[in-house]
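**Q** Pasting in a structure now, in structure tokens, and then I'll have a few things to ask.
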Amino acid sequence: MKSIVIGVIGADVHAVGNKIIDYTLTNAGYNVINIGVLSSQEDFINAAIEADAELILVSSLYGHGEIDCRGMRQKCIESGIGDIFLYVGGNIVVGKQDFSEVKQRFLQMGFNRVYPPGISIDMALNDIKNDLGE
Amino acid sequence: MKSIVIGVIGADVHAVGNKIIDYTLTNAGYNVINIGVLSSQEDFINAAIEADAELILVSSLYGHGEIDCRGMRQKCIESGIGDIFLYVGGNIVVGKQDFSEVKQRFLQMGFNRVYPPGISIDMALNDIKNDLGE
Amino acid sequence: MLLNKKMSEADFLAEREKVLQAWKTGSHPDLDFSRSIPYLKSIPESKNFAIKLSKAKQGGVTLVQPRAGVAVLDDHIQLLKSLIDAGADFVPSTIDSYTRQNRYVEAERGIQESQIAHRSMLNGFPAVNHGVDGCKKVFENVSVPIQARHGTPDARLLSEIIHASGWTSNEGGGISYNIPYAKSVSLETTIKNWQYVDRLVGYYEDHGVTINREPFGPLTGTLVPPCISNTVQIIEALLAAEQGVKNITVGYGMGGNVVQDIAAIKALLRQTESYLHRYGYKNMIVTTVFHQWMGGFPADEAAATGLISMSSVVAALSKATKMITKSPHESVGVPTAEANGIGIKASKFVVNLLKDQHFPESMELQMEIAQIESEVDALMDAVFTVGDGDLVQGVIKAFEQGILDVPFAPSKFNAGKVLPARDNEGFIRILEFGNLGLPEVIKAHHRAKIRERAEFEKRDISFQLTIDDVNAVANGHLIGRGRK
Amino acid sequence: MLLNKKMSEADFLAEREKVLQAWKTGSHPDLDFSRSIPYLKSIPESKNFAIKLSKAKQGGVTLVQPRAGVAVLDDHIQLLKSLIDAGADFVPSTIDSYTRQNRYVEAERGIQESQIAHRSMLNGFPAVNHGVDGCKKVFENVSVPIQARHGTPDARLLSEIIHASGWTSNEGGGISYNIPYAKSVSLETTIKNWQYVDRLVGYYEDHGVTINREPFGPLTGTLVPPCISNTVQIIEALLAAEQGVKNITVGYGMGGNVVQDIAAIKALLRQTESYLHRYGYKNMIVTTVFHQWMGGFPADEAAATGLISMSSVVAALSKATKMITKSPHESVGVPTAEANGIGIKASKFVVNLLKDQHFPESMELQMEIAQIESEVDALMDAVFTVGDGDLVQGVIKAFEQGILDVPFAPSKFNAGKVLPARDNEGFIRILEFGNLGLPEVIKAHHRAKIRERAEFEKRDISFQLTIDDVNAVANGHLIGRGRK
Ligand code: B12
Ligand code: B12
């Protein structure tokens, strides 16, 4: 069973989507490590190392995603898991912005996949399957 | 008492505003000749001649105002009341259009005053007073 | 003397020949019943208006339909498609005002000018000028049932053309498309014309094709007391049934007080069914249509969308079968496809959310239903009495004498003595009765309610109340309270 | 042991000294009561939140308030002004998430980055960083009362700064700003912090300045059964009253079933007043706030406006004193001023139109009110019992044991065993009770109602119902019916 770390980054407490992601990924056959809301980059990385996870799925709903996610790829590299998949989704910036630009900003930060608001986790299941194999 | 001819031009049956205009102008001290809905240019002009009116106040609500009002000034001239005041108001064109353009079109047709949607007759009372004097 | 009696087939077919000669498009071969009946039988159930409405009634859901129509054929098709994409369950084709007055020459000019100007110079779709070819093209290019919506005193040719083109619903009636829509056409004329229109539908029914008919409920759309519009609806349902119509949608335009609106829809359905039954019309399917606020709209688009959505809440809780939507451009002009779509989307969202809910039974609701029903019964009685038992004669004389009287109507065949005003909770009541056929006890109720309001506002009971109420909603109020 | 007992003035003032040292802006001279009290006394009644609310309650009208806040001071002022122009009766200042976690250093960085980027990098207004000077500038530049809205476990310094700046309302409470807003802060800590915040308001009340307090009603905003949120509201009202608060607005987040929503607001007002009375708090003014739909919104802006307007119908008919509005951008991100204005305008139009109307009394409504009230009474009893008569201890232990339990809450001090689901008419019921302090007879009612739905949908009763319901509204449905 492949392991995925999920959680909500920064000072963000939006818990509902997180619970639904947990339920959905577990149902889809993954080993889900849910570090919950109010999680730091370090929390995500430590959990991923501990579980030997292949994917960190970052949720950010409250708008500070841009500030909170900066340097995360760098930290992964420093921690020896530089090639782990990094996804981010939710409402990752403040306000209604042109998503293609937003996506570019996060891709440049080293995220592998970046999702717009309104994408439910079901819609990302295919990408996960593709990236993690089988 | 100055006389004003009011009515709704063309194949237009919107009667509510017409009744309110009648009531308001009468209350404001004018002699109102109300030719009602579904009135032709000729109906307006004949009524104006008969009552020796100083103003013809054309309502057009249903959108065909542009077609219905064409040539009205010309007809007034031909009937010998070329210098009568012509006002038009209501919803005088089809759809939401830039009003300054619409106004130009009607001024060019020879209307003295052209009103946008949502202007109630109360707001035009001042103009009438200015144009008709006293 | 015109009576409420089914036209004989011979009379109908004889008249038909003349009707089809009124304009060149009347000679289209598909107007032959031997071609139109098989065509109508071949259309899928999902595109038959009558069938889709019956199913909605069974399911207890409220379906939505916008108003829309432009001059040029392909533009019209595009427009309807975009409304379906926005969520419309039914599409209309709103007919332009020249066609409504049978002025096909001016309509032709309007089409040409629109093509040149690249915007519609007509306020609707000139269906007669486009003929069966055009109307069929519209029908075959959309995925939901189509209805013609107009306001035409003489819609005989129009109705022939649209039905033969697969449009399975037609709005209007001898009263409802005369009194609010004409100035000097007699009721005798329009009722006769609409007997023809209904007889045409009856003919199709006899030949296995069900077509929906919808009397126009809101009338002048302006402070119409429910008893007046409901009475007109019931009368037109009876007239249509006599000509063989089987599937009827009776309508009501939102008044603004939630309890009164819901009461009106419930009374309308119940009384229409019971009058049809009482007069021996069997196997009728009656549905209801709720019109979103039909009076002057606020100019602000957000406010207009608020009003549209509020209307949708009331429609859904009333369990009306269909709702006619407005757009945020309503106060300004015929909406763009986009603005129309916004109205549909907001409306559809609300009725969807409320589909499993209803307005609870309550004393207040029951009392208002009983009030409306007793008023309607009084008016119906008065009409039958003055008509010596015949409904058509009753209607003609009732309007002549002001026993039936529609506020703000342009027709000179309407007495125009009735003045409505709101009471202190916004119910539409009657301030001046003229000769309206209501008994003293009912009048006293209305007077007392209006007095309550006038006392609250510390002002006199006068026409000023009516004026203020006419202007109120556009300015963000339901009741036109006097300046304090 | 922390108890529900008014802080002594000495304790309060001693603690206050430390609080004001938490960040540099705490040293502003205007924070001295000798300056803040006269300042607050000098503000006009029309800008005092508590007074404006009391008047609205008397007048039976529903006032509207948006959410809004950006990082940069002048932008924030512009924003609030535009919302007032759109019709807001009250303005908020929604505080950013760093400030809520007392991370003033990060907030400072957010302000700077926002200035550089020319767009707000923070999701709210960092009031502590802007200090009394900034907050006063905001207050003096707007024409209506201001409230701070946040979600802050420790809002002591924030509350000091805003009140001294003329902001006469503060949202939050020891439970409602902890359980939905924090992960690992104990209830003991937050209740203590909020006793301070309430004591501060009580201090002002003692000195002739009335300030409004508003516990946060919607909690997680997601399928919260009314009995749970109403119980939390009543508890926080009692806790606030003990510290000397006099003007309290209890809140409720729309659930989606009209009858349940109106019942919840009516029960909330009645029970809050009666519990305050029962526990001896005199001269309290209780008002209510209805939050427009607080769960996931639809992405389409027209649909969102429909939802906003529908919420407004329910709020107006429930006679809630205030309504918190959403914007058509809700599902995407913090709204622009314009989008926020659209929400206000649509909302305001609807509540205005309905201001003279009410929801009729009915058996259904009465039964739901009685249902909610008996559930709340059971929960309140259970809390007092487990706290041995003390409310603070009761709350702490009740959450520890799952006797009180908020669905979907992030806090580890919340049991998280309760799972809600809708019944067949969309009422929010309870599917899994965990250890929730409700008697068997009430549980049986909930189970029966959910069973009814599951049977209708022909599917099993499981967490899948809850999931489907969470996602339903964003997809245009109230009830997450299983795929057919
Ligand atoms: C009620 C109404 C109807 C009723 C009318 C009943 C009747 N016989 O009176 C019914 C339902 C029958 C109806 C029918 C139609 N209507 Co209509 N109707 C309206 C509506 C909702 C309100 C009109 C009203 O009574 N307002 C209240 C009165 C008091 O205000 P008013 O009419 O605007 O008049 C005031 C001012 O405009 C001003 N004013 C008027 N004239 C003048 C002139 C001057 C010089 C000045 C200074 C001021 C002035 O003073 C008046 C008093 O304060 C409007 C939209 C709106 N305004 O919200 C559409 C509207 C006018 N209708 C419209 C249309 C298209 C139609 C129909 C063609 C199609 C349809 N929708 O069914 C038919 C037309 C039939 C025909 N042949 O005319 C369109 C016109 C579109 C356009 N111009 O682009 C409108 C704007 C709706 C829309 N957005 O599509 N309608
Ligand atoms: C409910 C809610 C709350 C509740 C949260 C309760 C709780 N503890 O969970 C409360 C009321 C407490 C709250 C508070 C706040 N909220 Co809030 N909230 C919402 C709301 C209405 C719904 C969120 C939700 O639960 N949706 C349902 C779940 C199932 O969907 P979801 O969260 O979107 O998650 C799904 C998808 O996004 C996706 N997904 C999520 N992460 C990822 C990651 C990947 C890789 C993928 C593929 C998919 C994915 O899958 C999930 C499951 O399907 C949203 C707006 C909306 N969406 O309509 C605002 C919203 C998220 N909140 C917002 C804000 C600003 C706040 C506050 C700062 C201020 C405020 N409004 O009070 C505080 C923040 C507190 C904090 N420190 O975090 C903003 C964020 C703005 C932005 N990004 O620009 C939003 C968008 C509202 C808005 N338009 O302003 N909120």
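As shown in the structure tokens, the chain order sets the letters A, B, ...; within each chain, residues go from 1, and ligands are also counted from 1 in the order they appear.
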Write down as a ChimeraX atom specification the residues of stretch 109-203 of chain D whose backbone DSSP state falls under alpha helix (DSSP H).
**A** /D:109-117,127-140,156-164,187-203
**Q** For B:Gly82, find every residue with an atom within 12 Å (counting only C-alpha atoms), except residues of its own chain fewer than 3 positions away, and show them as a PDB file with C-alpha atoms, in the first residue's frame.
**A**
ATOM      1  CA  ILE B  45     -49.735  65.284 -33.812  1.00  0.00           C
ATOM      2  CA  ALA B  48     -51.378  68.392 -30.258  1.00  0.00           C
ATOM      3  CA  ILE B  49     -52.870  70.546 -32.994  1.00  0.00           C
ATOM      4  CA  GLU B  54     -46.654  72.974 -26.355  1.00  0.00           C
ATOM      5  CA  LEU B  55     -45.180  69.577 -25.684  1.00  0.00           C
ATOM      6  CA  ILE B  56     -45.612  66.068 -26.972  1.00  0.00           C
ATOM      7  CA  GLY B  71     -39.566  60.975 -38.969  1.00  0.00           C
ATOM      8  CA  MET B  72     -41.769  62.347 -36.221  1.00  0.00           C
ATOM      9  CA  ARG B  73     -40.158  65.800 -36.241  1.00  0.00           C
ATOM     10  CA  GLN B  74     -40.552  65.896 -40.010  1.00  0.00           C
ATOM     11  CA  LYS B  75     -44.247  65.098 -39.658  1.00  0.00           C
ATOM     12  CA  CYS B  76     -44.622  67.857 -37.077  1.00  0.00           C
ATOM     13  CA  ILE B  77     -43.062  70.341 -39.476  1.00  0.00           C
ATOM     14  CA  GLU B  78     -45.315  69.198 -42.271  1.00  0.00           C
ATOM     15  CA  SER B  79     -48.320  69.620 -39.983  1.00  0.00           C
ATOM     16  CA  PHE B  85     -41.263  70.328 -27.902  1.00  0.00           C
ATOM     17  CA  LEU B  86     -40.763  66.588 -28.380  1.00  0.00           C
ATOM     18  CA  GLY B 110     -35.298  65.876 -33.708  1.00  0.00           C
ATOM     19  CA  PHE B 111     -36.322  65.104 -30.143  1.00  0.00           C
ATOM     20  CA  ASN B 112     -35.564  67.878 -27.672  1.00  0.00           C
TER      21      ASN B 112
END
**Q** Quick one: contact table of chain C to ligand 1, 7 Å max, nearest atom pair and distance in Å to one decimal per residue, counting only C-alpha atoms and all ligand atoms, chain and number order, as CSV?
**A**
residue,atom,partner,partner_atom_place_in_ligand_line,distance
C:Arg67,CA,ligand 1,71 (N),6.8
C:Thr94,CA,ligand 1,69 (C),6.5
C:Asp96,CA,ligand 1,68 (C),5.9
C:Ser97,CA,ligand 1,77 (N),4.6
C:Arg100,CA,ligand 1,77 (N),6.9
C:Asn123,CA,ligand 1,65 (C),5.3
C:Gly124,CA,ligand 1,68 (C),6.7
C:Arg149,CA,ligand 1,72 (O),6.9
C:His150,CA,ligand 1,72 (O),5.9
C:Gly151,CA,ligand 1,75 (C),6.3
C:Pro180,CA,ligand 1,8 (N),4.4
C:Tyr181,CA,ligand 1,8 (N),5.5
C:Pro218,CA,ligand 1,11 (C),6.7
C:Leu219,CA,ligand 1,12 (C),6.1
C:Thr220,CA,ligand 1,6 (C),3.6
C:Gly221,CA,ligand 1,1 (C),4.9
C:Thr222,CA,ligand 1,1 (C),6.0
C:Met294,CA,ligand 1,21 (C),5.0
C:Gly295,CA,ligand 1,21 (C),4.3
C:Gly296,CA,ligand 1,58 (O),3.4
C:Phe297,CA,ligand 1,58 (O),3.7
C:Pro298,CA,ligand 1,58 (O),6.8
C:His329,CA,ligand 1,89 (N),5.6
C:Glu330,CA,ligand 1,89 (N),3.5
C:Ser331,CA,ligand 1,58 (O),3.6
C:Val332,CA,ligand 1,86 (C),5.2
C:Gly333,CA,ligand 1,84 (O),3.2
C:Val334,CA,ligand 1,90 (O),3.6
C:Pro335,CA,ligand 1,89 (N),5.9
C:Phe408,CA,ligand 1,9 (O),6.3
C:Ala409,CA,ligand 1,8 (N),5.3
C:Pro410,CA,ligand 1,8 (N),5.5
C:Val470,CA,ligand 1,29 (C),6.2
C:Asn471,CA,ligand 1,29 (C),6.0
**Q** With ligand 2 as the partner and 6 Å as the cut-off, tabulate the residues of chain A that qualify, each row holding the nearest pair of atoms and their distance in Å to one decimal, using only C-alpha atoms and all ligand atoms, sorted by chain and rising number, as a tab-separated table.
**A**
residue	atom	partner	partner_atom_place_in_ligand_line	distance
A:Ala11	CA	ligand 2	77 (N)	5.2
A:Asp12	CA	ligand 2	78 (O)	3.4
A:Val13	CA	ligand 2	78 (O)	3.9
A:His14	CA	ligand 2	9 (O)	3.5
A:Ala15	CA	ligand 2	9 (O)	3.6
A:Val16	CA	ligand 2	25 (O)	4.5
A:Gly17	CA	ligand 2	34 (O)	3.5
A:Ile20	CA	ligand 2	52 (C)	5.2
A:Ile21	CA	ligand 2	52 (C)	5.3
A:Leu57	CA	ligand 2	45 (C)	5.0
A:Val58	CA	ligand 2	43 (C)	5.5
A:Ser59	CA	ligand 2	41 (N)	3.8
A:Leu61	CA	ligand 2	61 (C)	4.7
A:Tyr62	CA	ligand 2	80 (C)	3.8
A:Gly63	CA	ligand 2	83 (N)	3.2
A:Tyr87	CA	ligand 2	45 (C)	4.6
A:Val88	CA	ligand 2	45 (C)	4.0
A:Gly89	CA	ligand 2	43 (C)	3.4
A:Gly90	CA	ligand 2	37 (O)	3.8
A:Asn91	CA	ligand 2	83 (N)	4.2
A:Ile92	CA	ligand 2	83 (N)	5.5
A:Val93	CA	ligand 2	83 (N)	5.0
A:Val94	CA	ligand 2	84 (O)	3.3
A:Gly95	CA	ligand 2	84 (O)	3.9
A:Tyr115	CA	ligand 2	47 (C)	5.6
A:Pro117	CA	ligand 2	37 (O)	5.7
A:Gly118	CA	ligand 2	37 (O)	5.6
A:Ile119	CA	ligand 2	38 (C)	5.4
A:Ser120	CA	ligand 2	53 (O)	3.7
A:Ile121	CA	ligand 2	50 (O)	4.1
A:Ala124	CA	ligand 2	47 (C)	5.0
**Q** Using only C-alpha atoms, determine which residues of chain C fall within 7 Å of chain D; present them as a list of chain:residue names.
**A**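 The complete set of qualifying residues is C:Ala302, C:Ala303, C:Thr305, C:Gly306, C:Leu307, C:Ser309, C:Met310, C:Val313, C:Ile342, C:Lys345, C:Ala346, C:Ser347, C:Phe349, C:Val350, C:Asn352, C:Leu353, C:Asp356, C:Gln357, C:Pro360, C:Glu361, C:Ser362, C:Glu364, C:Glu425, C:Gly476, C:His477, C:Leu478.
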**Q** Determine, counting only C-alpha atoms, which protein, DNA and RNA residues have an atom within 9 Å of an atom of D:His130; residues of the same chain fewer than 5 positions away are not included. Present the result as a list in words.
**A**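 In the requested format, the answer is Thr25, Val72, Leu73, Phe125 and Cys135 of chain D.
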**Q** Those same residues, written as a compact mmCIF listing (two decimals), in the first residue's frame with N, CA, C and O atoms?
**A**
# COMPACT_ATOMS: atom_id res chain seq x y z
N THR D 25 2.20 47.60 20.01
CA THR D 25 1.08 48.54 19.92
C THR D 25 0.24 48.57 21.20
O THR D 25 -0.64 49.43 21.34
N VAL D 72 -3.73 46.27 4.13
CA VAL D 72 -3.21 47.64 4.17
C VAL D 72 -4.30 48.60 4.66
O VAL D 72 -5.45 48.54 4.22
N LEU D 73 -3.92 49.50 5.55
CA LEU D 73 -4.88 50.36 6.26
C LEU D 73 -5.79 51.13 5.32
O LEU D 73 -7.02 51.06 5.43
N PHE D 125 -7.65 41.91 8.09
CA PHE D 125 -7.05 43.17 8.57
C PHE D 125 -6.29 42.90 9.85
O PHE D 125 -6.88 42.48 10.86
N CYS D 135 -6.68 51.58 13.88
CA CYS D 135 -8.08 51.18 14.09
C CYS D 135 -8.98 52.40 14.28
O CYS D 135 -10.14 52.41 13.85
**Q** With distances taken over only C-alpha atoms, which residue among D:Glu373, D:Glu457, D:Glu160, D:Glu106 lies nearest chain A?
**A** D:Glu106
**Q** So which residues touch B:Val32 within 8 Å, counting only C-alpha atoms, skipping near sequence neighbours fewer than 3 positions away, as a list of chain:residue names?
**A** B:Ser3, B:Ile4, B:Val5, B:Ile6, B:Asp22, B:Leu25, B:Thr26
**Q** Can I get the selection written as a PDB file, in the first residue's frame, with all heavy atoms?
**A**
ATOM      1  N   SER B   3     -50.812  72.965 -22.288  1.00  0.00           N
ATOM      2  CA  SER B   3     -51.276  71.621 -22.648  1.00  0.00           C
ATOM      3  C   SER B   3     -50.112  70.712 -23.064  1.00  0.00           C
ATOM      4  O   SER B   3     -49.202  71.145 -23.774  1.00  0.00           O
ATOM      5  CB  SER B   3     -52.284  71.702 -23.794  1.00  0.00           C
ATOM      6  OG  SER B   3     -53.433  72.408 -23.365  1.00  0.00           O
ATOM      7  N   ILE B   4     -50.214  69.496 -22.628  1.00  0.00           N
ATOM      8  CA  ILE B   4     -49.211  68.481 -22.977  1.00  0.00           C
ATOM      9  C   ILE B   4     -49.936  67.242 -23.498  1.00  0.00           C
ATOM     10  O   ILE B   4     -50.897  66.775 -22.872  1.00  0.00           O
ATOM     11  CB  ILE B   4     -48.375  68.078 -21.744  1.00  0.00           C
ATOM     12  CG1 ILE B   4     -47.706  69.311 -21.111  1.00  0.00           C
ATOM     13  CG2 ILE B   4     -47.335  67.031 -22.114  1.00  0.00           C
ATOM     14  CD1 ILE B   4     -46.906  68.992 -19.854  1.00  0.00           C
ATOM     15  N   VAL B   5     -49.473  66.764 -24.645  1.00  0.00           N
ATOM     16  CA  VAL B   5     -50.022  65.511 -25.158  1.00  0.00           C
ATOM     17  C   VAL B   5     -49.126  64.369 -24.695  1.00  0.00           C
ATOM     18  O   VAL B   5     -47.904  64.429 -24.859  1.00  0.00           O
ATOM     19  CB  VAL B   5     -50.090  65.515 -26.694  1.00  0.00           C
ATOM     20  CG1 VAL B   5     -50.536  64.156 -27.225  1.00  0.00           C
ATOM     21  CG2 VAL B   5     -51.041  66.613 -27.177  1.00  0.00           C
ATOM     22  N   ILE B   6     -49.724  63.361 -24.092  1.00  0.00           N
ATOM     23  CA  ILE B   6     -48.940  62.182 -23.706  1.00  0.00           C
ATOM     24  C   ILE B   6     -49.549  60.943 -24.361  1.00  0.00           C
ATOM     25  O   ILE B   6     -50.725  60.934 -24.735  1.00  0.00           O
ATOM     26  CB  ILE B   6     -48.880  61.974 -22.175  1.00  0.00           C
ATOM     27  CG1 ILE B   6     -50.260  61.574 -21.617  1.00  0.00           C
ATOM     28  CG2 ILE B   6     -48.362  63.212 -21.467  1.00  0.00           C
ATOM     29  CD1 ILE B   6     -50.190  61.094 -20.168  1.00  0.00           C
ATOM     30  N   ASP B  22     -49.921  60.713 -16.515  1.00  0.00           N
ATOM     31  CA  ASP B  22     -51.161  61.485 -16.573  1.00  0.00           C
ATOM     32  C   ASP B  22     -51.452  62.101 -15.201  1.00  0.00           C
ATOM     33  O   ASP B  22     -51.618  63.316 -15.050  1.00  0.00           O
ATOM     34  CB  ASP B  22     -52.296  60.535 -17.014  1.00  0.00           C
ATOM     35  CG  ASP B  22     -53.567  61.277 -17.385  1.00  0.00           C
ATOM     36  OD1 ASP B  22     -53.748  62.429 -16.929  1.00  0.00           O
ATOM     37  OD2 ASP B  22     -54.405  60.717 -18.118  1.00  0.00           O
ATOM     38  N   LEU B  25     -48.628  64.782 -14.146  1.00  0.00           N
ATOM     39  CA  LEU B  25     -48.638  66.064 -14.862  1.00  0.00           C
ATOM     40  C   LEU B  25     -49.912  66.845 -14.549  1.00  0.00           C
ATOM     41  O   LEU B  25     -49.877  68.073 -14.421  1.00  0.00           O
ATOM     42  CB  LEU B  25     -48.501  65.833 -16.375  1.00  0.00           C
ATOM     43  CG  LEU B  25     -47.161  65.252 -16.842  1.00  0.00           C
ATOM     44  CD1 LEU B  25     -47.125  65.148 -18.364  1.00  0.00           C
ATOM     45  CD2 LEU B  25     -45.990  66.080 -16.338  1.00  0.00           C
ATOM     46  N   THR B  26     -51.022  66.141 -14.421  1.00  0.00           N
ATOM     47  CA  THR B  26     -52.268  66.815 -14.064  1.00  0.00           C
ATOM     48  C   THR B  26     -52.124  67.473 -12.690  1.00  0.00           C
ATOM     49  O   THR B  26     -52.455  68.643 -12.499  1.00  0.00           O
ATOM     50  CB  THR B  26     -53.438  65.805 -14.059  1.00  0.00           C
ATOM     51  OG1 THR B  26     -53.478  65.150 -15.326  1.00  0.00           O
ATOM     52  CG2 THR B  26     -54.765  66.506 -13.807  1.00  0.00           C
TER      53      THR B  26
END
**Q** Env of C:Arg429: 7 Å cut, atoms = only C-alpha atoms, seq-sep filter 6 positions within chain, self excluded. Answer as a PDB file with all heavy atoms, in the first residue's frame.
**A**
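Ended up saving to out15.pdb:
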ATOM      1  N   PRO C 225     -55.032  41.974  -7.966  1.00  0.00           N
ATOM      2  CA  PRO C 225     -55.498  41.152  -6.844  1.00  0.00           C
ATOM      3  C   PRO C 225     -55.684  39.706  -7.315  1.00  0.00           C
ATOM      4  O   PRO C 225     -56.219  39.478  -8.408  1.00  0.00           O
ATOM      5  CB  PRO C 225     -56.848  41.790  -6.483  1.00  0.00           C
ATOM      6  CG  PRO C 225     -56.788  43.181  -7.021  1.00  0.00           C
ATOM      7  CD  PRO C 225     -55.950  43.087  -8.268  1.00  0.00           C
ATOM      8  N   PRO C 420     -56.059  48.844  -6.905  1.00  0.00           N
ATOM      9  CA  PRO C 420     -55.528  48.014  -5.822  1.00  0.00           C
ATOM     10  C   PRO C 420     -54.607  48.834  -4.902  1.00  0.00           C
ATOM     11  O   PRO C 420     -54.133  49.905  -5.280  1.00  0.00           O
ATOM     12  CB  PRO C 420     -54.696  46.991  -6.575  1.00  0.00           C
ATOM     13  CG  PRO C 420     -54.246  47.710  -7.820  1.00  0.00           C
ATOM     14  CD  PRO C 420     -55.262  48.779  -8.121  1.00  0.00           C
ATOM     15  N   ALA C 421     -54.387  48.321  -3.718  1.00  0.00           N
ATOM     16  CA  ALA C 421     -53.350  48.873  -2.837  1.00  0.00           C
ATOM     17  C   ALA C 421     -52.958  47.779  -1.858  1.00  0.00           C
ATOM     18  O   ALA C 421     -53.721  46.844  -1.623  1.00  0.00           O
ATOM     19  CB  ALA C 421     -53.853  50.101  -2.089  1.00  0.00           C
ATOM     20  N   ARG C 422     -51.778  47.929  -1.316  1.00  0.00           N
ATOM     21  CA  ARG C 422     -51.324  46.909  -0.365  1.00  0.00           C
ATOM     22  C   ARG C 422     -51.846  47.193   1.036  1.00  0.00           C
ATOM     23  O   ARG C 422     -52.048  48.341   1.400  1.00  0.00           O
ATOM     24  CB  ARG C 422     -49.795  46.880  -0.316  1.00  0.00           C
ATOM     25  CG  ARG C 422     -49.185  46.400  -1.604  1.00  0.00           C
ATOM     26  CD  ARG C 422     -47.712  46.116  -1.423  1.00  0.00           C
ATOM     27  NE  ARG C 422     -47.115  45.808  -2.710  1.00  0.00           N
ATOM     28  CZ  ARG C 422     -47.152  44.604  -3.290  1.00  0.00           C
ATOM     29  NH1 ARG C 422     -47.728  43.580  -2.670  1.00  0.00           N
ATOM     30  NH2 ARG C 422     -46.602  44.415  -4.466  1.00  0.00           N
ATOM     31  N   ASP C 423     -51.992  46.103   1.800  1.00  0.00           N
ATOM     32  CA  ASP C 423     -52.304  46.312   3.206  1.00  0.00           C
ATOM     33  C   ASP C 423     -50.997  46.381   3.997  1.00  0.00           C
ATOM     34  O   ASP C 423     -49.906  46.434   3.413  1.00  0.00           O
ATOM     35  CB  ASP C 423     -53.284  45.250   3.718  1.00  0.00           C
ATOM     36  CG  ASP C 423     -52.661  43.870   3.887  1.00  0.00           C
ATOM     37  OD1 ASP C 423     -51.416  43.738   3.873  1.00  0.00           O
ATOM     38  OD2 ASP C 423     -53.429  42.898   4.032  1.00  0.00           O
ATOM     39  N   HIS C 446     -61.502  43.933   2.610  1.00  0.00           N
ATOM     40  CA  HIS C 446     -60.451  44.684   1.912  1.00  0.00           C
ATOM     41  C   HIS C 446     -60.305  46.082   2.491  1.00  0.00           C
ATOM     42  O   HIS C 446     -59.200  46.558   2.742  1.00  0.00           O
ATOM     43  CB  HIS C 446     -60.777  44.766   0.409  1.00  0.00           C
ATOM     44  CG  HIS C 446     -60.522  43.484  -0.320  1.00  0.00           C
ATOM     45  ND1 HIS C 446     -59.449  43.306  -1.150  1.00  0.00           N
ATOM     46  CD2 HIS C 446     -61.182  42.302  -0.324  1.00  0.00           C
ATOM     47  CE1 HIS C 446     -59.469  42.071  -1.649  1.00  0.00           C
ATOM     48  NE2 HIS C 446     -60.521  41.439  -1.164  1.00  0.00           N
TER      49      HIS C 446
END
**Q** Provide the atom CA of D:Asn247 to atom CA of D:Arg213 distance in Å, to one decimal place.
**A**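 Going from atom CA of D:Asn247 over to atom CA of D:Arg213, I get 6.4 Å.
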**Q** Excluding C:Ala263 and its own-chain neighbours fewer than 2 positions away, which residues fall within 8 Å of it when counting only C-alpha atoms? Please give them as a PyMOL selection string.
**A** chain C and resi 259-261+265-267+318+365-366+368-369+372
**Q** Where in chain B does DSSP assign strand (DSSP E), given as a ChimeraX atom specification?
**A** /B:3-8,31-34,55-60,85-90,113-114
**Q** What's around A:Arg105 at 12 Å? Count only C-alpha atoms, leave out sequence neighbours fewer than 3 positions away in its own chain, and write the answer as a list in words.
**A**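 After dropping sequence-adjacent residues, the list is Gly65, Glu66, Ile67, Cys69, Arg70, Val88, Ile92, Val93, Gln97, Asp98, Phe99, Ser100, Glu101, Val102, Gln108, Met109, Gly110, Phe111, Asn112, Arg113 and Val114 of chain A.
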